[in-house]
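The file data_34.cif contains mmCIF, C-alpha atoms and all ligand atoms:
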data_my_file
loop_
_atom_site.label_atom_id
_atom_site.label_comp_id
_atom_site.auth_asym_id
_atom_site.auth_seq_id
_atom_site.Cartn_x
_atom_site.Cartn_y
_atom_site.Cartn_z
CA MET A 1 11.88 -42.44 164.01
CA SER A 2 10.33 -40.80 160.97
CA TYR A 3 12.12 -38.41 158.62
CA ASN A 4 11.08 -36.05 155.84
CA THR A 5 14.01 -36.27 153.42
CA ILE A 6 15.64 -39.63 154.08
CA LEU A 7 14.39 -43.20 154.29
CA THR A 8 15.79 -45.61 156.83
CA VAL A 9 15.42 -49.35 156.99
CA GLN A 10 17.19 -52.16 158.79
CA SER A 11 18.02 -55.20 156.67
CA ASN A 12 19.49 -57.94 158.87
CA ASN A 13 22.50 -56.26 160.46
CA ALA A 14 22.64 -53.34 158.06
CA PHE A 15 21.02 -49.96 158.65
CA ILE A 16 20.36 -48.34 155.28
CA ILE A 17 19.94 -44.58 154.96
CA THR A 18 18.61 -43.43 151.58
CA ILE A 19 18.67 -39.74 150.71
CA ASN A 20 15.21 -39.29 149.29
CA ARG A 21 15.15 -36.15 147.13
CA GLU A 22 15.40 -37.80 143.75
CA SER A 23 13.87 -34.90 141.77
CA LYS A 24 16.68 -32.65 143.09
CA LEU A 25 19.34 -35.32 142.51
CA ASN A 26 19.39 -35.86 146.29
CA ALA A 27 20.84 -32.39 146.93
CA LEU A 28 21.60 -32.00 150.60
CA ASN A 29 19.57 -29.28 152.26
CA HIS A 30 19.91 -28.44 155.93
CA GLU A 31 17.12 -30.80 156.95
CA THR A 32 18.60 -33.70 155.00
CA LEU A 33 22.03 -33.27 156.56
CA GLN A 34 20.57 -33.08 160.06
CA GLU A 35 18.42 -36.14 159.40
CA ILE A 36 21.44 -38.12 158.20
CA LYS A 37 23.32 -37.15 161.35
CA THR A 38 20.37 -38.06 163.59
CA ALA A 39 19.95 -41.40 161.81
CA VAL A 40 23.64 -42.30 162.16
CA LEU A 41 23.65 -41.35 165.84
CA SER A 42 20.36 -43.16 166.49
CA VAL A 43 21.87 -46.62 165.92
CA GLN A 44 25.17 -46.18 167.74
CA ASP A 45 23.92 -48.17 170.75
CA ASN A 46 21.92 -50.67 168.74
CA LYS A 47 23.85 -53.93 168.97
CA SER A 48 21.95 -55.47 166.09
CA VAL A 49 23.36 -52.87 163.66
CA ARG A 50 26.82 -53.88 162.43
CA GLY A 51 27.11 -51.58 159.44
CA ILE A 52 25.48 -48.41 158.09
CA ILE A 53 24.97 -47.87 154.37
CA ILE A 54 24.29 -44.42 152.93
CA THR A 55 22.95 -44.17 149.39
CA GLY A 56 20.77 -41.96 147.19
CA ALA A 57 17.27 -42.58 145.85
CA GLY A 58 17.01 -43.36 142.15
CA LEU A 59 19.59 -44.37 139.60
CA LYS A 60 21.21 -41.04 138.82
CA ALA A 61 22.67 -39.54 141.96
CA PHE A 62 24.13 -40.33 145.35
CA ALA A 63 23.92 -36.58 146.09
CA ALA A 64 24.58 -33.71 143.67
CA GLY A 65 25.84 -31.40 146.38
CA ALA A 66 24.59 -29.02 148.99
CA ASP A 67 21.22 -27.55 148.02
CA ILE A 68 22.24 -24.42 146.13
CA SER A 69 18.72 -22.97 146.15
CA GLU A 70 18.72 -23.01 149.93
CA PHE A 71 21.92 -21.04 150.54
CA ALA A 72 21.93 -18.62 147.57
CA THR A 73 20.70 -15.72 149.73
CA TYR A 74 22.73 -16.50 152.86
CA THR A 75 24.84 -13.90 154.65
CA PRO A 76 28.49 -14.64 155.52
CA GLN A 77 27.38 -15.47 159.08
CA GLN A 78 24.80 -17.94 157.80
CA GLY A 79 27.37 -19.36 155.38
CA THR A 80 29.86 -19.90 158.18
CA GLN A 81 27.18 -21.62 160.26
CA LEU A 82 26.17 -23.78 157.28
CA SER A 83 29.74 -24.95 156.89
CA ALA A 84 30.22 -25.57 160.61
CA ASP A 85 26.98 -27.57 160.72
CA GLY A 86 28.08 -29.56 157.66
CA HIS A 87 31.44 -30.32 159.30
CA SER A 88 29.60 -31.54 162.39
CA VAL A 89 27.49 -33.95 160.30
CA MET A 90 30.55 -35.29 158.47
CA ASN A 91 32.42 -35.69 161.76
CA ALA A 92 29.52 -37.65 163.25
CA ILE A 93 29.75 -40.07 160.32
CA GLU A 94 33.55 -40.31 160.42
CA HIS A 95 33.49 -41.00 164.16
CA SER A 96 30.66 -43.53 164.04
CA ALA A 97 31.75 -46.62 165.98
CA ILE A 98 29.78 -48.68 163.44
CA PRO A 99 31.37 -48.71 159.97
CA VAL A 100 29.62 -46.48 157.44
CA ILE A 101 29.70 -47.43 153.75
CA ALA A 102 28.83 -44.95 150.99
CA ALA A 103 27.01 -46.81 148.22
CA VAL A 104 27.62 -44.31 145.44
CA ASN A 105 24.97 -44.62 142.74
CA GLY A 106 25.71 -41.81 140.30
CA TYR A 107 26.65 -38.17 140.87
CA SER A 108 28.60 -37.58 144.07
CA LEU A 109 29.36 -33.89 143.78
CA GLY A 110 30.21 -31.09 146.17
CA GLY A 111 28.55 -31.88 149.50
CA GLY A 112 27.67 -35.32 148.07
CA CYS A 113 31.34 -36.05 147.45
CA GLU A 114 32.15 -34.72 150.92
CA LEU A 115 29.49 -37.00 152.40
CA ALA A 116 30.94 -40.03 150.59
CA MET A 117 34.44 -39.07 151.77
CA ALA A 118 33.31 -38.85 155.39
CA CYS A 119 32.16 -42.48 155.22
CA HIS A 120 34.66 -45.16 156.19
CA ILE A 121 34.37 -47.04 152.90
CA ARG A 122 33.15 -46.05 149.44
CA ILE A 123 31.77 -48.59 146.98
CA ALA A 124 30.71 -47.11 143.66
CA ALA A 125 28.44 -48.19 140.84
CA GLU A 126 29.85 -47.96 137.31
CA ASN A 127 27.88 -44.74 136.70
CA ALA A 128 29.42 -42.90 139.67
CA LYS A 129 30.94 -39.48 139.09
CA PHE A 130 32.86 -37.56 141.71
CA GLY A 131 33.73 -33.88 141.79
CA GLN A 132 33.99 -30.70 143.83
CA PRO A 133 32.43 -28.03 141.55
CA GLU A 134 32.10 -25.33 144.24
CA VAL A 135 34.50 -22.82 142.68
CA ASN A 136 32.03 -22.55 139.78
CA LEU A 137 29.64 -21.07 142.35
CA GLY A 138 32.15 -18.63 143.83
CA LEU A 139 32.80 -20.80 146.89
CA PRO A 140 35.36 -23.24 148.21
CA PRO A 141 33.97 -26.61 149.35
CA GLY A 142 32.36 -26.24 152.77
CA TYR A 143 31.85 -29.70 154.23
CA ALA A 144 35.55 -30.55 154.62
CA GLY A 145 36.14 -31.49 151.00
CA THR A 146 39.40 -29.55 150.88
CA GLN A 147 40.71 -31.68 153.74
CA ARG A 148 39.35 -35.19 153.16
CA LEU A 149 40.15 -35.15 149.45
CA ILE A 150 43.80 -34.55 150.33
CA GLN A 151 43.65 -37.36 152.90
CA LEU A 152 42.26 -39.77 150.33
CA ILE A 153 44.14 -38.96 147.13
CA GLY A 154 47.04 -36.67 148.10
CA LYS A 155 47.65 -32.96 147.68
CA GLY A 156 48.60 -32.85 144.00
CA LYS A 157 45.58 -34.54 142.46
CA ALA A 158 43.25 -33.07 145.12
CA MET A 159 44.41 -29.58 144.18
CA GLU A 160 43.83 -30.31 140.49
CA LEU A 161 40.29 -31.59 141.05
CA LEU A 162 39.40 -28.74 143.43
CA LEU A 163 40.72 -26.02 141.10
CA THR A 164 39.53 -27.42 137.75
CA THR A 165 36.24 -28.86 139.09
CA ASP A 166 36.78 -31.77 136.69
CA PHE A 167 34.59 -34.77 137.47
CA ILE A 168 36.19 -38.20 137.69
CA ASN A 169 34.47 -41.48 136.91
CA ALA A 170 34.43 -44.62 139.02
CA ALA A 171 37.51 -46.13 137.32
CA GLN A 172 39.54 -42.97 137.92
CA ALA A 173 38.32 -42.79 141.53
CA LEU A 174 39.43 -46.39 142.04
CA ASP A 175 42.86 -45.65 140.54
CA LEU A 176 43.25 -42.68 142.89
CA GLY A 177 42.28 -44.71 145.96
CA MET A 178 39.18 -42.66 146.56
CA ILE A 179 36.88 -45.68 146.41
CA SER A 180 37.59 -49.31 147.14
CA GLN A 181 35.37 -51.15 144.66
CA ILE A 182 33.35 -50.66 141.48
CA VAL A 183 30.30 -52.82 140.88
CA THR A 184 27.27 -52.69 138.62
CA LEU A 185 24.36 -50.58 139.76
CA GLU A 186 22.35 -53.78 140.39
CA GLN A 187 25.13 -55.21 142.55
CA LEU A 188 25.73 -52.02 144.55
CA LEU A 189 23.44 -52.65 147.50
CA PRO A 190 24.01 -56.43 147.59
CA THR A 191 27.78 -55.83 147.68
CA CYS A 192 27.43 -53.35 150.56
CA LEU A 193 25.12 -55.76 152.42
CA GLU A 194 27.67 -58.57 151.98
CA MET A 195 30.33 -56.33 153.46
CA VAL A 196 28.12 -55.62 156.47
CA ASP A 197 27.63 -59.39 156.82
CA LYS A 198 31.40 -59.66 156.98
CA PHE A 199 31.60 -56.93 159.66
CA SER A 200 29.00 -58.92 161.61
CA THR A 201 31.45 -61.79 162.06
CA LYS A 202 34.08 -59.48 163.62
CA SER A 203 34.43 -58.01 167.09
CA PRO A 204 32.36 -54.78 167.25
CA SER A 205 34.63 -53.31 169.92
CA ALA A 206 37.75 -54.08 167.85
CA ILE A 207 36.09 -52.57 164.77
CA ALA A 208 35.33 -49.41 166.77
CA SER A 209 38.96 -49.36 167.94
CA VAL A 210 40.26 -49.58 164.37
CA ILE A 211 38.02 -46.67 163.35
CA ARG A 212 39.34 -44.56 166.25
CA CYS A 213 42.97 -45.45 165.43
CA VAL A 214 42.64 -44.69 161.72
CA ASN A 215 40.82 -41.41 162.40
CA ASP A 216 43.44 -40.38 164.93
CA HIS A 217 46.13 -40.66 162.27
CA PHE A 218 44.80 -37.34 160.98
CA LYS A 219 43.86 -35.77 164.31
CA ASN A 220 44.98 -32.22 165.03
CA THR A 221 47.46 -32.33 162.20
CA ASN A 222 46.33 -29.09 160.62
CA PRO A 223 43.98 -26.15 161.07
CA GLY A 224 42.59 -26.67 157.54
CA PHE A 225 39.14 -27.75 158.67
CA GLU A 226 38.67 -24.49 160.57
CA THR A 227 40.15 -22.46 157.69
CA GLU A 228 37.66 -24.04 155.30
CA ILE A 229 34.71 -23.00 157.48
CA LEU A 230 35.97 -19.38 157.60
CA GLU A 231 36.79 -19.21 153.87
CA PHE A 232 33.41 -20.72 152.96
CA GLY A 233 31.58 -18.15 155.10
CA LYS A 234 33.58 -15.23 153.67
CA SER A 235 32.56 -16.16 150.13
CA PHE A 236 28.95 -15.28 150.82
CA GLN A 237 29.71 -11.56 150.55
CA THR A 238 31.36 -11.68 147.12
CA GLU A 239 29.85 -10.61 143.79
CA GLU A 240 31.23 -13.85 142.37
CA PHE A 241 29.11 -15.95 144.75
CA ILE A 242 26.00 -14.02 143.72
CA GLU A 243 26.85 -14.52 140.04
CA GLY A 244 27.71 -18.21 140.56
CA THR A 245 24.50 -19.17 142.33
CA LEU A 246 22.39 -16.99 140.00
CA ALA A 247 23.98 -18.68 136.99
CA PHE A 248 23.12 -22.11 138.43
CA SER A 249 19.48 -21.16 138.97
CA GLU A 250 19.31 -19.65 135.47
CA LYS A 251 20.93 -22.82 134.02
CA ARG A 252 23.81 -20.91 132.40
CA LYS A 253 27.56 -20.67 132.84
CA PRO A 254 28.76 -18.01 135.33
CA ASN A 255 30.54 -15.00 133.91
CA TYR A 256 33.67 -14.42 136.02
N1 LIG B 301 21.30 -27.99 144.59
C1 LIG B 301 20.00 -27.75 144.29
N2 LIG B 301 19.38 -28.32 143.25
C2 LIG B 301 20.08 -29.17 142.50
C3 LIG B 301 21.43 -29.47 142.77
C4 LIG B 301 22.03 -28.83 143.86
N3 LIG B 301 23.31 -29.06 144.21
N4 LIG B 301 21.88 -30.34 141.82
C5 LIG B 301 20.83 -30.58 141.01
N5 LIG B 301 19.76 -29.87 141.42
C6 LIG B 301 18.42 -29.86 140.82
C7 LIG B 301 18.39 -29.02 139.55
O1 LIG B 301 18.25 -27.65 139.85
C8 LIG B 301 17.17 -29.61 138.85
O2 LIG B 301 16.02 -29.10 139.47
P1 LIG B 301 14.79 -28.56 138.53
O3 LIG B 301 14.37 -29.79 137.78
O4 LIG B 301 13.79 -28.09 139.53
O5 LIG B 301 15.37 -27.50 137.64
C9 LIG B 301 17.24 -31.09 139.23
O6 LIG B 301 18.05 -31.17 140.41
C10 LIG B 301 17.87 -31.96 138.15
O7 LIG B 301 19.15 -31.41 137.86
P2 LIG B 301 19.61 -31.04 136.36
O8 LIG B 301 20.70 -30.01 136.48
O9 LIG B 301 18.43 -30.71 135.53
O10 LIG B 301 20.22 -32.45 135.91
P3 LIG B 301 21.33 -32.68 134.78
O11 LIG B 301 21.35 -34.14 134.54
O12 LIG B 301 21.13 -31.76 133.63
O13 LIG B 301 22.72 -32.24 135.50
C11 LIG B 301 24.32 -32.15 137.30
C12 LIG B 301 23.22 -32.97 136.58
C13 LIG B 301 24.67 -32.91 138.58
C14 LIG B 301 25.55 -32.02 136.41
C15 LIG B 301 23.78 -30.73 137.64
O14 LIG B 301 22.53 -30.90 138.31
C16 LIG B 301 24.68 -29.91 138.54
O15 LIG B 301 25.66 -29.38 138.06
N6 LIG B 301 24.32 -29.79 139.82
C17 LIG B 301 25.03 -28.97 140.75
C18 LIG B 301 26.32 -29.62 141.19
C19 LIG B 301 27.05 -28.69 142.15
O16 LIG B 301 27.47 -27.61 141.82
N7 LIG B 301 27.18 -29.17 143.39
C20 LIG B 301 27.87 -28.45 144.40
C21 LIG B 301 26.94 -27.64 145.20
S1 LIG B 301 27.78 -26.75 146.48
#
Once more with this new file: its structure as structure tokens, please.
Amino acid sequence: MSYNTILTVQSNNAFIITINRESKLNALNHETLQEIKTAVLSVQDNKSVRGIIITGAGLKAFAAGADISEFATYTPQQGTQLSADGHSVMNAIEHSAIPVIAAVNGYSLGGGCELAMACHIRIAAENAKFGQPEVNLGLPPGYAGTQRLIQLIGKGKAMELLLTTDFINAAQALDLGMISQIVTLEQLLPTCLEMVDKFSTKSPSAIASVIRCVNDHFKNTNPGFETEILEFGKSFQTEEFIEGTLAFSEKRKPNY
């Protein structure tokens, strides 16, 4: 299959998806998100694929968020749909029967952080930075960041990061349990490939069972995912959203 915004390659038993919008710090536009989902789903029945790795092109970013330029003029209805579509992509990753590793090579912000959090495992390079800066734009996170951040690091610290928009580095993310390893940028892909080699020695059906069991720990426990979609959509009619996205495009701080 050929894609416009991602690259895919199989290396032994690993299927590597690279977000390929380096000049935009791999910002996730609608096409990119749909391509990631299609790519993940495309290998679900491929028995030679024992692990999926998602990473970003270049040395600076895994993904610096949803593509702000794409949604700046959206209506609340379009915003709600954007969020629902994003949730569907993240759910496809989370429910992949093949383990998905986020190889985080730099900025992992907003939708990029949400993408990493939807993966089963996160391995970060030393230059990784995580954050949910959406409230600077007059929005809450929209791709389930408000929910998966709590799942990974607990309510207290999640609330702090969501409300302050402070970025955390790889060492802080490791301390918080958000990622499982830090490696050098050079070792990032080799480390992920070694992990896929390890998966390849295990029972694929048992691995798929573990993923279902772990995911089900959080199943139907709260309506927060749905609330996030509605709150995200509502934001598209506020003056603050207009100011926030305008400020980003004008490379200045928003005036709230
Ligand atoms: N959406 C669209 N474009 C983005 C983007 C995003 N989320 N993040 C970065 N870009 C673009 C920039 O607009 C710039 O494009 P240009 O060269 O055409 O002007 C390019 O990527 C490089 O980004 P730049 O801001 O110049 O890099 P930097 O090193 O100065 O700053 C960041 C890096 C990540 C701190 C900064 O890009 C940023 O704050 N990005 C937005 C993060 C965000 O709010 N994400 C959540 C979105 S919901």
Residue nearest ligand LIG 301 (chain B) - candidates A:Pro76, A:Gly154, A:Pro223, A:Pro140, atoms counted: all atoms listed in the file: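 Of A:Pro76, A:Gly154, A:Pro223, A:Pro140, the one nearest ligand LIG 301 (chain B) is A:Pro140, counting all atoms listed in the file.
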Taking (40.8, -23.8, 159.1) in the file's coordinates, which residues come within 12 Å, counting only C-alpha atoms, written as a PyMOL selection string? chain A and resi 80+83-84+87+142-144+146-147+220-233
Residues from the last selection, C-alpha atoms, saved as a PDB file, keeping the file's coordinate frame:
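So the final result, stored in again-v9.pdb, reads:
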ATOM      1  CA  THR A  80      29.860 -19.900 158.180  1.00  0.00           C
ATOM      2  CA  SER A  83      29.740 -24.950 156.890  1.00  0.00           C
ATOM      3  CA  ALA A  84      30.220 -25.570 160.610  1.00  0.00           C
ATOM      4  CA  HIS A  87      31.440 -30.320 159.300  1.00  0.00           C
ATOM      5  CA  GLY A 142      32.360 -26.240 152.770  1.00  0.00           C
ATOM      6  CA  TYR A 143      31.850 -29.700 154.230  1.00  0.00           C
ATOM      7  CA  ALA A 144      35.550 -30.550 154.620  1.00  0.00           C
ATOM      8  CA  THR A 146      39.400 -29.550 150.880  1.00  0.00           C
ATOM      9  CA  GLN A 147      40.710 -31.680 153.740  1.00  0.00           C
ATOM     10  CA  ASN A 220      44.980 -32.220 165.030  1.00  0.00           C
ATOM     11  CA  THR A 221      47.460 -32.330 162.200  1.00  0.00           C
ATOM     12  CA  ASN A 222      46.330 -29.090 160.620  1.00  0.00           C
ATOM     13  CA  PRO A 223      43.980 -26.150 161.070  1.00  0.00           C
ATOM     14  CA  GLY A 224      42.590 -26.670 157.540  1.00  0.00           C
ATOM     15  CA  PHE A 225      39.140 -27.750 158.670  1.00  0.00           C
ATOM     16  CA  GLU A 226      38.670 -24.490 160.570  1.00  0.00           C
ATOM     17  CA  THR A 227      40.150 -22.460 157.690  1.00  0.00           C
ATOM     18  CA  GLU A 228      37.660 -24.040 155.300  1.00  0.00           C
ATOM     19  CA  ILE A 229      34.710 -23.000 157.480  1.00  0.00           C
ATOM     20  CA  LEU A 230      35.970 -19.380 157.600  1.00  0.00           C
ATOM     21  CA  GLU A 231      36.790 -19.210 153.870  1.00  0.00           C
ATOM     22  CA  PHE A 232      33.410 -20.720 152.960  1.00  0.00           C
ATOM     23  CA  GLY A 233      31.580 -18.150 155.100  1.00  0.00           C
TER      24      GLY A 233
END
Restricting the calculation to only C-alpha atoms, which member of A:Ala128, A:Ser2, A:Lys219, A:Lys202 is positioned closest to Asn91 of chain A?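 For Asn91 of chain A, the nearest of the candidates is A:Lys219.
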List as a VMD selection string the protein and nucleic acid residues near Asn136 of chain A, meaning an atom at most 10 Å away when only C-alpha atoms are counted, but skip any in the same chain fewer than 5 places from it. chain A and resid 163 to 165 240 to 241 243 to 245 247 to 248 253 to 256
The selected residues should be written to file as a tab-separated table (two decimals), keeping the file's coordinate frame (atoms: C-alpha atoms).
chain	number	residue	atom	x	y	z
A	163	LEU	CA	40.72	-26.02	141.10
A	164	THR	CA	39.53	-27.42	137.75
A	165	THR	CA	36.24	-28.86	139.09
A	240	GLU	CA	31.23	-13.85	142.37
A	241	PHE	CA	29.11	-15.95	144.75
A	243	GLU	CA	26.85	-14.52	140.04
A	244	GLY	CA	27.71	-18.21	140.56
A	245	THR	CA	24.50	-19.17	142.33
A	247	ALA	CA	23.98	-18.68	136.99
A	248	PHE	CA	23.12	-22.11	138.43
A	253	LYS	CA	27.56	-20.67	132.84
A	254	PRO	CA	28.76	-18.01	135.33
A	255	ASN	CA	30.54	-15.00	133.91
A	256	TYR	CA	33.67	-14.42	136.02
Which residues, written as a compact mmCIF listing (two decimals) with C-alpha atoms, keeping the file's coordinate frame, have at least one atom at most 10 Å from Gly65 of chain A, with all atoms listed in the file counted and residues fewer than 4 positions away on the same chain left out?
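Result saved to selection02.txt:
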# COMPACT_ATOMS: atom_id res chain seq x y z
CA LYS A 24 16.68 -32.65 143.09
CA LEU A 25 19.34 -35.32 142.51
CA ASN A 26 19.39 -35.86 146.29
CA ALA A 27 20.84 -32.39 146.93
CA LEU A 28 21.60 -32.00 150.60
CA ASN A 29 19.57 -29.28 152.26
CA ALA A 61 22.67 -39.54 141.96
CA TYR A 107 26.65 -38.17 140.87
CA SER A 108 28.60 -37.58 144.07
CA LEU A 109 29.36 -33.89 143.78
CA GLY A 110 30.21 -31.09 146.17
CA GLY A 111 28.55 -31.88 149.50
CA GLY A 112 27.67 -35.32 148.07
CA CYS A 113 31.34 -36.05 147.45
CA GLU A 114 32.15 -34.72 150.92
CA LEU A 115 29.49 -37.00 152.40
CA GLY A 131 33.73 -33.88 141.79
CA GLN A 132 33.99 -30.70 143.83
CA PRO A 133 32.43 -28.03 141.55
CA GLU A 134 32.10 -25.33 144.24
CA PRO A 141 33.97 -26.61 149.35
Please, could N, CA, C and O atoms be added to segment 208-226 of chain A and the result written as a CSV table (one decimal), in the coordinates of the input?
chain,number,residue,atom,x,y,z
A,208,ALA,N,35.4,-50.8,166.3
A,208,ALA,CA,35.3,-49.4,166.8
A,208,ALA,C,36.7,-48.9,167.1
A,208,ALA,O,37.1,-47.7,166.8
A,209,SER,N,37.6,-49.8,167.6
A,209,SER,CA,39.0,-49.4,167.9
A,209,SER,C,39.7,-49.0,166.7
A,209,SER,O,40.4,-48.0,166.6
A,210,VAL,N,39.6,-49.9,165.6
A,210,VAL,CA,40.3,-49.6,164.4
A,210,VAL,C,39.8,-48.2,163.8
A,210,VAL,O,40.7,-47.4,163.4
A,211,ILE,N,38.5,-48.0,163.9
A,211,ILE,CA,38.0,-46.7,163.4
A,211,ILE,C,38.7,-45.5,164.1
A,211,ILE,O,39.1,-44.5,163.5
A,212,ARG,N,38.7,-45.6,165.5
A,212,ARG,CA,39.3,-44.6,166.2
A,212,ARG,C,40.8,-44.4,165.9
A,212,ARG,O,41.3,-43.3,165.7
A,213,CYS,N,41.5,-45.5,165.7
A,213,CYS,CA,43.0,-45.4,165.4
A,213,CYS,C,43.2,-44.8,164.1
A,213,CYS,O,44.1,-43.9,163.9
A,214,VAL,N,42.4,-45.2,163.1
A,214,VAL,CA,42.6,-44.7,161.7
A,214,VAL,C,42.3,-43.2,161.7
A,214,VAL,O,43.1,-42.4,161.2
A,215,ASN,N,41.2,-42.8,162.4
A,215,ASN,CA,40.8,-41.4,162.4
A,215,ASN,C,41.9,-40.6,163.1
A,215,ASN,O,42.2,-39.5,162.7
A,216,ASP,N,42.5,-41.1,164.2
A,216,ASP,CA,43.4,-40.4,164.9
A,216,ASP,C,44.7,-40.1,164.2
A,216,ASP,O,45.5,-39.3,164.5
A,217,HIS,N,45.0,-40.9,163.1
A,217,HIS,CA,46.1,-40.7,162.3
A,217,HIS,C,46.1,-39.2,161.8
A,217,HIS,O,47.2,-38.6,161.5
A,218,PHE,N,44.9,-38.7,161.6
A,218,PHE,CA,44.8,-37.3,161.0
A,218,PHE,C,44.5,-36.3,162.0
A,218,PHE,O,44.2,-35.1,161.7
A,219,LYS,N,44.4,-36.7,163.3
A,219,LYS,CA,43.9,-35.8,164.3
A,219,LYS,C,44.8,-34.6,164.6
A,219,LYS,O,46.0,-34.8,164.7
A,220,ASN,N,44.2,-33.4,164.7
A,220,ASN,CA,45.0,-32.2,165.0
A,220,ASN,C,46.2,-32.0,164.2
A,220,ASN,O,47.2,-31.4,164.7
A,221,THR,N,46.2,-32.5,163.0
A,221,THR,CA,47.5,-32.3,162.2
A,221,THR,C,47.5,-31.0,161.5
A,221,THR,O,48.5,-30.5,161.1
A,222,ASN,N,46.3,-30.4,161.3
A,222,ASN,CA,46.3,-29.1,160.6
A,222,ASN,C,45.1,-28.3,161.0
A,222,ASN,O,44.1,-28.9,161.3
A,223,PRO,N,45.2,-27.0,160.8
A,223,PRO,CA,44.0,-26.2,161.1
A,223,PRO,C,43.1,-26.0,159.8
A,223,PRO,O,42.2,-25.2,159.8
A,224,GLY,N,43.3,-26.8,158.8
A,224,GLY,CA,42.6,-26.7,157.5
A,224,GLY,C,41.1,-26.8,157.6
A,224,GLY,O,40.4,-26.1,156.9
A,225,PHE,N,40.6,-27.6,158.6
A,225,PHE,CA,39.1,-27.8,158.7
A,225,PHE,C,38.5,-26.4,159.1
A,225,PHE,O,37.5,-26.0,158.5
A,226,GLU,N,39.2,-25.8,160.1
A,226,GLU,CA,38.7,-24.5,160.6
A,226,GLU,C,38.8,-23.4,159.5
A,226,GLU,O,37.9,-22.6,159.3
